[in-house]
$ cat input.tsv   # TSV, C-alpha atoms
chain	number	residue	atom	x	y	z
A	6	MET	CA	6.63	-98.82	6.44
A	7	ASN	CA	8.98	-97.13	8.87
A	8	ASN	CA	8.36	-93.89	10.72
A	9	VAL	CA	10.61	-91.82	8.43
A	10	THR	CA	8.68	-92.97	5.36
A	11	ARG	CA	5.37	-92.10	7.04
A	12	MET	CA	6.62	-88.59	7.85
A	13	LEU	CA	7.75	-87.98	4.28
A	14	ILE	CA	4.38	-89.09	2.90
A	15	ALA	CA	2.50	-86.94	5.40
A	16	PHE	CA	4.58	-83.88	4.49
A	17	ALA	CA	4.09	-84.46	0.76
A	18	VAL	CA	0.32	-84.65	1.25
A	19	SER	CA	0.12	-81.58	3.51
A	20	ALA	CA	2.48	-79.35	1.49
A	21	PRO	CA	-0.14	-78.32	-1.12
A	22	LEU	CA	-2.57	-77.51	1.66
A	23	LEU	CA	-0.02	-75.29	3.35
A	24	ALA	CA	0.59	-73.48	0.09
A	25	ALA	CA	-3.13	-73.04	-0.43
A	26	ASP	CA	-3.59	-71.63	3.04
A	27	SER	CA	-0.77	-69.10	2.58
A	28	GLY	CA	-1.92	-65.44	2.30
A	29	TYR	CA	0.78	-64.53	-0.18
A	30	ASP	CA	-0.32	-63.20	-3.56
A	31	SER	CA	2.24	-61.88	-6.04
A	32	ASN	CA	-0.34	-59.50	-7.55
A	33	ARG	CA	-1.79	-57.91	-4.47
A	34	ALA	CA	-1.66	-57.74	-0.69
A	35	VAL	CA	-4.90	-57.47	1.26
A	36	LEU	CA	-4.81	-55.68	4.61
A	37	PRO	CA	-8.06	-56.00	6.61
A	38	HIS	CA	-8.98	-53.93	9.67
A	39	CYS	CA	-7.15	-50.79	8.55
A	40	GLN	CA	-7.86	-47.47	10.23
A	41	VAL	CA	-8.70	-44.21	8.47
A	42	LEU	CA	-6.79	-41.25	9.94
A	43	LEU	CA	-6.57	-37.52	9.44
A	44	ILE	CA	-3.54	-36.07	7.68
A	45	ASN	CA	-4.01	-32.51	8.98
A	46	ASP	CA	-5.87	-31.65	12.16
A	47	ILE	CA	-5.06	-28.12	13.31
A	48	ASP	CA	-6.22	-25.84	16.10
A	49	VAL	CA	-5.84	-22.51	14.27
A	50	PRO	CA	-4.35	-19.98	16.73
A	51	ALA	CA	-4.43	-16.21	17.07
A	52	GLU	CA	-1.00	-14.79	16.21
A	53	GLU	CA	-1.69	-11.58	18.14
A	54	ALA	CA	-3.69	-10.74	21.25
A	55	GLY	CA	-6.85	-8.73	20.75
A	56	ARG	CA	-10.60	-8.61	20.40
A	57	LEU	CA	-12.24	-10.71	17.72
A	58	LEU	CA	-14.13	-8.42	15.38
A	59	GLU	CA	-15.76	-11.33	13.59
A	60	VAL	CA	-15.73	-15.10	13.19
A	61	ASN	CA	-16.76	-15.89	9.64
A	62	VAL	CA	-17.37	-19.64	9.91
A	63	LYS	CA	-19.42	-22.13	11.86
A	64	GLU	CA	-18.97	-25.77	12.64
A	65	GLY	CA	-19.32	-27.95	9.56
A	66	ASP	CA	-18.32	-25.25	7.07
A	67	HIS	CA	-15.92	-26.17	4.26
A	68	VAL	CA	-13.16	-23.58	3.85
A	69	PRO	CA	-10.56	-23.18	1.08
A	70	LYS	CA	-6.90	-22.64	1.86
A	71	ASP	CA	-6.09	-19.07	3.06
A	72	ALA	CA	-9.78	-18.19	3.49
A	73	LEU	CA	-10.38	-15.53	6.17
A	74	VAL	CA	-12.07	-17.40	9.02
A	75	ALA	CA	-11.76	-14.76	11.76
A	76	GLN	CA	-10.56	-11.17	12.13
A	77	LEU	CA	-8.91	-9.52	15.12
A	78	ASN	CA	-9.18	-5.80	15.76
A	79	ASN	CA	-6.54	-4.25	13.49
A	80	GLN	CA	-7.30	-0.52	13.76
A	81	GLN	CA	-3.99	0.36	15.44
A	82	ALA	CA	-2.03	-1.69	12.94
A	83	LEU	CA	-3.78	0.08	10.03
A	84	LEU	CA	-2.94	3.51	11.48
A	85	SER	CA	0.68	2.45	12.02
A	86	LYS	CA	0.90	1.42	8.39
A	87	VAL	CA	-0.49	4.76	7.17
A	88	ALA	CA	2.04	6.67	9.31
A	89	ALA	CA	4.90	4.46	8.13
A	90	GLU	CA	3.90	4.94	4.48
A	91	LEU	CA	3.88	8.73	4.86
A	92	GLU	CA	7.32	8.71	6.47
A	93	ARG	CA	8.63	6.37	3.79
A	94	ASP	CA	7.27	8.53	0.97
A	95	ALA	CA	8.78	11.68	2.52
A	96	ALA	CA	12.15	9.98	2.90
A	97	GLN	CA	12.01	8.64	-0.65
A	98	THR	CA	11.22	12.12	-1.97
A	99	ARG	CA	14.34	13.44	-0.26
A	100	ALA	CA	16.36	10.53	-1.63
A	101	ASP	CA	15.17	11.27	-5.18
A	102	ASP	CA	16.01	14.98	-4.92
A	103	ASP	CA	19.53	15.44	-6.36
A	104	ILE	CA	19.38	19.24	-6.62
A	105	GLU	CA	22.16	19.63	-4.05
A	106	VAL	CA	24.38	17.25	-6.01
A	107	GLN	CA	23.78	19.16	-9.25
A	108	TYR	CA	24.41	22.51	-7.50
A	109	SER	CA	27.64	21.17	-5.97
A	110	ILE	CA	28.84	20.00	-9.39
A	111	LYS	CA	28.10	23.41	-10.95
A	112	SER	CA	29.86	25.17	-8.05
A	113	PHE	CA	32.90	22.98	-8.57
A	114	GLU	CA	32.94	23.67	-12.30
A	115	LEU	CA	32.76	27.44	-11.64
A	116	ALA	CA	35.52	27.35	-9.00
A	117	GLU	CA	37.75	25.31	-11.29
A	118	THR	CA	37.12	27.67	-14.23
A	119	GLU	CA	37.97	30.74	-12.15
A	120	LEU	CA	41.13	29.10	-10.84
A	121	ASN	CA	42.23	28.02	-14.33
A	122	ASN	CA	41.61	31.52	-15.68
A	123	ASP	CA	43.79	33.12	-13.00
A	124	VAL	CA	46.51	30.54	-13.54
A	125	GLU	CA	46.40	31.25	-17.30
A	126	ILE	CA	46.63	35.01	-16.68
A	127	ASN	CA	49.70	34.52	-14.48
A	128	ARG	CA	51.24	32.28	-17.11
A	129	ARG	CA	50.93	35.05	-19.68
A	130	GLN	CA	51.65	37.90	-17.29
A	131	PRO	CA	53.39	36.60	-14.18
A	132	GLY	CA	52.29	38.27	-10.94
A	133	SER	CA	49.06	39.73	-12.36
A	134	VAL	CA	47.00	37.67	-9.90
A	135	PRO	CA	48.34	37.59	-6.33
A	136	ALA	CA	49.42	34.23	-4.97
A	137	THR	CA	46.98	34.60	-2.08
A	138	GLU	CA	44.13	34.91	-4.57
A	139	ILE	CA	45.32	31.78	-6.37
A	140	ARG	CA	45.42	29.85	-3.07
A	141	ARG	CA	41.96	31.09	-2.12
A	142	LYS	CA	40.51	29.90	-5.41
A	143	GLN	CA	42.26	26.56	-5.00
A	144	LEU	CA	40.56	26.27	-1.64
A	145	ASP	CA	37.21	27.21	-3.21
A	146	ARG	CA	37.67	24.48	-5.79
A	147	THR	CA	38.57	21.92	-3.13
A	148	ARG	CA	35.58	22.94	-1.03
A	149	ALA	CA	33.26	22.60	-4.03
A	150	GLU	CA	34.72	19.20	-4.86
A	151	LEU	CA	34.21	17.99	-1.29
A	152	GLN	CA	30.66	19.35	-1.35
A	153	ILE	CA	29.87	17.03	-4.26
A	154	GLY	CA	30.84	14.03	-2.14
A	155	ARG	CA	28.90	15.41	0.81
A	156	SER	CA	25.77	15.89	-1.29
A	157	ARG	CA	26.02	12.39	-2.69
A	158	LEU	CA	26.47	11.01	0.83
A	159	ASP	CA	23.36	12.92	1.96
A	160	LEU	CA	21.43	11.29	-0.90
A	161	LYS	CA	22.71	7.86	0.13
A	162	VAL	CA	21.67	8.46	3.75
A	163	ALA	CA	18.27	9.67	2.56
A	164	GLN	CA	17.82	6.45	0.54
A	165	MET	CA	18.82	4.38	3.56
A	166	THR	CA	16.25	6.26	5.63
A	167	ALA	CA	13.63	5.54	2.97
A	168	ASP	CA	14.58	1.85	3.09
A	169	VAL	CA	14.22	1.85	6.87
A	170	GLN	CA	10.79	3.43	6.58
A	171	ASN	CA	9.84	0.91	3.91
A	172	ALA	CA	10.77	-1.85	6.36
A	173	ALA	CA	8.49	-0.14	8.88
A	174	VAL	CA	5.68	-0.28	6.32
A	175	GLN	CA	6.30	-3.99	5.81
A	176	ALA	CA	6.32	-4.55	9.58
A	177	ALA	CA	2.99	-2.74	9.84
A	178	GLU	CA	1.59	-4.84	7.00
A	179	ASP	CA	2.81	-7.99	8.74
A	180	SER	CA	1.08	-6.83	11.91
A	181	ILE	CA	-2.15	-6.41	9.92
A	182	GLN	CA	-1.81	-9.87	8.38
A	183	ARG	CA	-1.15	-11.49	11.77
A	184	ARG	CA	-4.54	-10.23	12.85
A	185	ARG	CA	-6.15	-12.10	9.99
A	186	ILE	CA	-6.87	-15.69	11.00
A	187	VAL	CA	-6.92	-17.82	7.85
A	188	ALA	CA	-7.45	-21.48	7.03
A	189	PRO	CA	-4.04	-23.22	6.82
A	190	PHE	CA	-5.37	-25.65	4.19
A	191	SER	CA	-8.61	-26.60	2.47
A	192	GLY	CA	-10.67	-28.38	5.06
A	193	GLN	CA	-13.73	-28.54	7.26
A	194	VAL	CA	-14.36	-26.60	10.47
A	195	LEU	CA	-14.97	-29.07	13.28
A	196	GLN	CA	-15.03	-26.73	16.28
A	197	VAL	CA	-15.26	-22.97	16.90
A	198	TYR	CA	-13.75	-22.08	20.27
A	199	ARG	CA	-14.25	-18.30	20.29
A	200	GLN	CA	-17.00	-15.95	19.19
A	201	SER	CA	-17.08	-12.35	17.94
A	202	ASN	CA	-16.13	-9.68	20.53
A	203	GLU	CA	-14.29	-12.20	22.71
A	204	TRP	CA	-10.69	-11.47	23.72
A	205	VAL	CA	-8.01	-13.93	22.65
A	206	ASN	CA	-4.36	-14.15	23.64
A	207	ILE	CA	-1.37	-14.94	21.45
A	208	GLY	CA	-1.34	-18.62	20.54
A	209	GLU	CA	-4.85	-19.27	21.82
A	210	PRO	CA	-6.85	-21.51	19.43
A	211	VAL	CA	-9.86	-19.92	17.76
A	212	LEU	CA	-11.15	-22.87	15.74
A	213	ARG	CA	-10.27	-26.39	14.65
A	214	VAL	CA	-9.88	-27.29	10.98
A	215	VAL	CA	-9.30	-30.78	9.56
A	216	GLN	CA	-8.33	-31.82	6.04
A	217	MET	CA	-10.89	-34.17	4.52
A	218	ASP	CA	-10.07	-34.32	0.79
A	219	ARG	CA	-7.08	-36.59	1.46
A	220	LEU	CA	-6.78	-39.07	4.33
A	221	TYR	CA	-4.35	-41.65	5.68
A	222	VAL	CA	-5.21	-45.33	5.86
A	223	ASP	CA	-3.01	-47.37	8.21
A	224	GLY	CA	-2.76	-51.14	8.34
A	225	PHE	CA	-0.37	-53.96	9.17
A	226	ILE	CA	1.20	-56.44	6.77
A	227	SER	CA	3.03	-59.70	7.38
A	228	GLY	CA	6.80	-59.57	7.13
A	229	ASP	CA	6.79	-63.32	6.39
A	230	GLU	CA	4.96	-62.72	3.11
A	231	TYR	CA	6.01	-59.28	1.88
A	232	ASN	CA	9.18	-57.23	1.99
A	233	VAL	CA	9.19	-53.46	2.40
A	234	VAL	CA	10.53	-53.07	-1.13
A	235	ASP	CA	7.51	-54.98	-2.47
A	236	ILE	CA	4.95	-52.46	-1.24
A	237	ALA	CA	6.71	-49.08	-1.01
A	238	ASP	CA	5.07	-46.45	-3.25
A	239	ARG	CA	2.61	-48.96	-4.69
A	240	PRO	CA	-0.96	-47.96	-5.68
A	241	VAL	CA	-3.77	-49.03	-3.37
A	242	THR	CA	-7.52	-49.46	-3.38
A	243	VAL	CA	-9.36	-48.89	-0.10
A	244	GLU	CA	-12.82	-50.30	0.53
A	245	ILE	CA	-15.17	-49.26	3.32
A	246	ALA	CA	-18.56	-50.55	4.34
A	247	LEU	CA	-21.32	-47.97	4.70
A	248	ALA	CA	-24.78	-48.35	6.18
A	249	ARG	CA	-27.27	-50.86	4.79
A	250	GLY	CA	-24.60	-53.00	3.14
A	251	ARG	CA	-23.29	-50.31	0.79
A	252	LYS	CA	-19.59	-50.43	-0.10
A	253	GLU	CA	-17.38	-47.71	-1.59
A	254	THR	CA	-13.80	-47.82	-2.89
A	255	PHE	CA	-11.13	-45.14	-3.01
A	256	LYS	CA	-7.80	-44.84	-4.81
A	257	GLY	CA	-4.49	-43.95	-3.22
A	258	GLN	CA	-0.81	-44.77	-2.88
A	259	VAL	CA	1.49	-46.12	-0.19
A	260	VAL	CA	3.41	-43.16	1.24
A	261	PHE	CA	5.16	-44.74	4.23
A	262	VAL	CA	6.25	-48.16	5.39
A	263	ASN	CA	7.48	-48.34	8.97
A	264	PRO	CA	10.68	-50.41	8.85
A	265	ILE	CA	10.38	-51.38	12.53
A	266	VAL	CA	8.94	-54.89	12.75
A	267	GLN	CA	6.32	-55.28	15.47
A	268	ALA	CA	4.91	-58.28	17.31
A	269	GLY	CA	3.93	-61.14	15.04
A	270	ASN	CA	6.53	-60.10	12.45
A	271	ARG	CA	4.25	-57.38	11.10
A	272	TYR	CA	5.01	-53.82	10.10
A	273	ARG	CA	2.80	-50.79	9.59
A	274	VAL	CA	1.86	-49.51	6.14
A	275	ARG	CA	0.38	-46.07	5.48
A	276	ALA	CA	-1.39	-45.00	2.29
A	277	GLU	CA	-2.66	-41.57	1.32
A	278	VAL	CA	-6.12	-41.79	-0.23
A	279	GLU	CA	-8.27	-39.35	-2.17
A	280	ASN	CA	-11.64	-38.80	-0.52
A	281	ARG	CA	-14.79	-37.69	-2.31
A	282	GLN	CA	-18.12	-36.14	-1.47
A	283	GLU	CA	-21.72	-37.04	-1.99
A	284	LYS	CA	-24.31	-34.31	-1.43
A	285	ASP	CA	-21.62	-32.15	0.20
A	286	GLN	CA	-20.74	-34.91	2.67
A	287	TRP	CA	-17.49	-36.89	2.75
A	288	LEU	CA	-17.81	-40.63	2.19
A	289	LEU	CA	-14.53	-41.68	3.82
A	290	ASN	CA	-14.46	-40.64	7.47
A	291	PRO	CA	-11.57	-40.62	9.94
A	292	GLY	CA	-11.86	-43.29	12.61
A	293	SER	CA	-13.63	-45.77	10.38
A	294	THR	CA	-12.31	-49.24	9.54
A	295	ALA	CA	-11.33	-50.17	5.99
A	296	THR	CA	-9.78	-52.90	3.89
A	297	MET	CA	-6.71	-51.88	1.89
A	298	VAL	CA	-5.54	-53.71	-1.21
A	299	ILE	CA	-1.97	-52.97	-2.27
A	300	HIS	CA	-1.44	-53.60	-5.99
A	301	LEU	CA	1.99	-55.19	-6.43
A	302	GLN	CA	1.99	-55.50	-10.22

$ encode --input "input.tsv" --output "structure tokens"
Amino acid sequence: MNNVTRMLIAFAVSAPLLAADSGYDSNRAVLPHCQVLLINDIDVPAEEAGRLLEVNVKEGDHVPKDALVAQLNNQQALLSKVAAELERDAAQTRADDDIEVQYSIKSFELAETELNNDVEINRRQPGSVPATEIRRKQLDRTRAELQIGRSRLDLKVAQMTADVQNAAVQAAEDSIQRRRIVAPFSGQVLQVYRQSNEWVNIGEPVLRVVQMDRLYVDGFISGDEYNVVDIADRPVTVEIALARGRKETFKGQVVFVNPIVQAGNRYRVRAEVENRQEKDQWLLNPGSTATMVIHLQ
């Protein structure tokens, strides 16, 4: 038996073993040693400088989205809003008052009637009404006609003034809202940096909130066994090991596959997973290690 024949026999014998050792599975891909990560981790800042009237949460509290977690002193902003509302209402009252327009229209109708009467008299009896009187009444009619336009313009300006004052009201309301520090999403308070009656500057963080109901799970997959198209958007099951041998699984979906291949011909896969609670405590915790199964079929 020559060397070539021996090599062919050896390859034929070892080929099934190589196939058996391969990690490829057409139904699922198993990614061990994955890391659980936070999706949202925010230091919630103060949007205005001022004194904290109250901080409504403590570390560990669960807060819904838009919940008021702290309140800055807003007394000046409230007074500014009241003043702006009064000025807006006064301006709107003037804008809604069309008495001057109605008076101008009536004055024009009277001036035109008087002029037409004099013209008719002169038509029947030429020279009965002096030409100077006719010209004066023509001027009166023109003045009354122009006054209509002027009155309408005054109304338009009054409405514009009311709109400006309404914008001032909205600016005051915005100033009030900026002094409300609210939760940017449903999450858990991890840290409280400032307490009631402390002064904070614009942009200074007041507390830290993290999202816990949904988390990322990151792992690496072999590019020799799976293509990006095989795993993109596929459903996943994530398993974690808890204390005393307990295991829990969570459902999710692949939301990102990094197309850049890293060392060892591997690329990173990220899934978004739904977390759940037990006795008001989250079971899946950021920083923990998990096994992710990507369902390919």

$ closest_residue --input "input.tsv" --among "A:Leu77, A:Val174, A:Val298, A:Val233" --to "Val262 (chain A)" --atoms "all atoms listed in the file"
A:Val233

$ closest_residue --input "input.tsv" --among "A:Gln107, A:Asn263, A:Gln216, A:Thr242" --to "His300 (chain A)" --atoms "all atoms listed in the file"
A:Thr242

$ closest_residue --input "input.tsv" --among "A:Asp103, A:Ala268, A:Asp223, A:Leu115" --to "Arg148 (chain A)" --atoms "all atoms listed in the file"
A:Leu115

$ residues_near_point --input "input.tsv" --point "(-6.8, -51.1, 0.9)" --cutoff "8 Å" --atoms "all atoms listed in the file" --output "list in words"
Val35, Leu36, Pro37, Cys39, Val222, Val241, Thr242, Val243, Glu244, Ala295, Thr296, Met297, Val298 and Ile299 of chain A

$ residues_around --input "input.tsv" --residues "Gln286 (chain A)" --least-positions-apart "4" --cutoff "12 Å" --atoms "all atoms listed in the file" --output "mmCIF file with C-alpha atoms, in the frame of the given file"
data_model
loop_
_atom_site.group_PDB
_atom_site.id
_atom_site.type_symbol
_atom_site.label_atom_id
_atom_site.label_comp_id
_atom_site.auth_asym_id
_atom_site.auth_seq_id
_atom_site.Cartn_x
_atom_site.Cartn_y
_atom_site.Cartn_z
ATOM 1 C CA GLY A 65 -19.320 -27.950 9.560
ATOM 2 C CA ASP A 66 -18.320 -25.250 7.070
ATOM 3 C CA HIS A 67 -15.920 -26.170 4.260
ATOM 4 C CA GLN A 193 -13.730 -28.540 7.260
ATOM 5 C CA MET A 217 -10.890 -34.170 4.520
ATOM 6 C CA ASP A 218 -10.070 -34.320 0.790
ATOM 7 C CA ASN A 280 -11.640 -38.800 -0.520
ATOM 8 C CA ARG A 281 -14.790 -37.690 -2.310
ATOM 9 C CA GLN A 282 -18.120 -36.140 -1.470
ATOM 10 C CA ASN A 290 -14.460 -40.640 7.470
#

$ closest_residue --input "input.tsv" --among "A:Asn79, A:Asp229, A:Leu144, A:Lys256" --to "Glu178 (chain A)" --atoms "only C-alpha atoms"
A:Asn79

$ atom_distance --input "input.tsv" --atom1 "CA of Leu120 (chain A)" --atom2 "CA of Gly132 (chain A)"
14.4 Å

$ residues_near_point --input "input.tsv" --point "(9.1, 1.4, 3.0)" --cutoff "10 Å" --atoms "only C-alpha atoms" --output "list in words"
Lys86, Ala89, Glu90, Leu91, Glu92, Arg93, Asp94, Ala96, Gln97, Thr166, Ala167, Asp168, Val169, Gln170, Asn171, Ala172, Ala173, Val174, Gln175 and Ala176 of chain A

$ closest_residue --input "input.tsv" --among "A:Glu138, A:Glu150, A:Glu209, A:Asp71" --to "Asn122 (chain A)" --atoms "all atoms listed in the file"
A:Glu138

$ closest_residue --input "input.tsv" --among "A:Leu151, A:Asp235, A:Arg157, A:Val214" --to "Gly192 (chain A)" --atoms "only C-alpha atoms"
A:Val214

$ residues_around --input "input.tsv" --residues "Glu253 (chain A)" --least-positions-apart "2" --cutoff "9 Å" --atoms "only C-alpha atoms" --output "list in words"
Val243, Glu244, Ile245, Ala246, Leu247, Arg251, Phe255, Leu288 and Leu289 of chain A

$ residues_around --input "input.tsv" --residues "Phe190 (chain A)" --least-positions-apart "5" --cutoff "12 Å" --atoms "all atoms listed in the file" --output "PyMOL selection string"
chain A and resi 44-49+67-74+213-219

$ residues_around --input "input.tsv" --residues "Glu52 (chain A)" --least-positions-apart "3" --cutoff "12 Å" --atoms "only C-alpha atoms" --output "list of chain:residue names"
A:Val49, A:Gly55, A:Ala75, A:Gln76, A:Leu77, A:Asp179, A:Ser180, A:Ile181, A:Gln182, A:Arg183, A:Arg184, A:Arg185, A:Ile186, A:Val187, A:Val205, A:Asn206, A:Ile207, A:Gly208, A:Glu209, A:Pro210, A:Val211

$ atom_distance --input "input.tsv" --atom1 "CA of Gly250 (chain A)" --atom2 "CA of Ser31 (chain A)"
29.7 Å

$ atom_distance --input "input.tsv" --atom1 "CA of Ile126 (chain A)" --atom2 "CA of Arg141 (chain A)"
15.8 Å

$ residues_around --input "input.tsv" --residues "Val259 (chain A)" --least-positions-apart "4" --cutoff "6 Å" --atoms "only C-alpha atoms" --output "mmCIF file with C-alpha atoms, in the frame of the given file"
data_model
loop_
_atom_site.group_PDB
_atom_site.id
_atom_site.type_symbol
_atom_site.label_atom_id
_atom_site.label_comp_id
_atom_site.auth_asym_id
_atom_site.auth_seq_id
_atom_site.Cartn_x
_atom_site.Cartn_y
_atom_site.Cartn_z
ATOM 1 C CA ASP A 238 5.070 -46.450 -3.250
ATOM 2 C CA ARG A 239 2.610 -48.960 -4.690
ATOM 3 C CA ARG A 275 0.380 -46.070 5.480
ATOM 4 C CA ALA A 276 -1.390 -45.000 2.290
#

$ axis_aligned_box --input "input.tsv" --around "region 148-154 of chain A" --padding-each-side "6 Å" --output "AutoDock Vina command-line options"
--center_x 32.7 --center_y 18.5 --center_z -2.9 --size_x 17.7 --size_y 20.9 --size_z 15.8
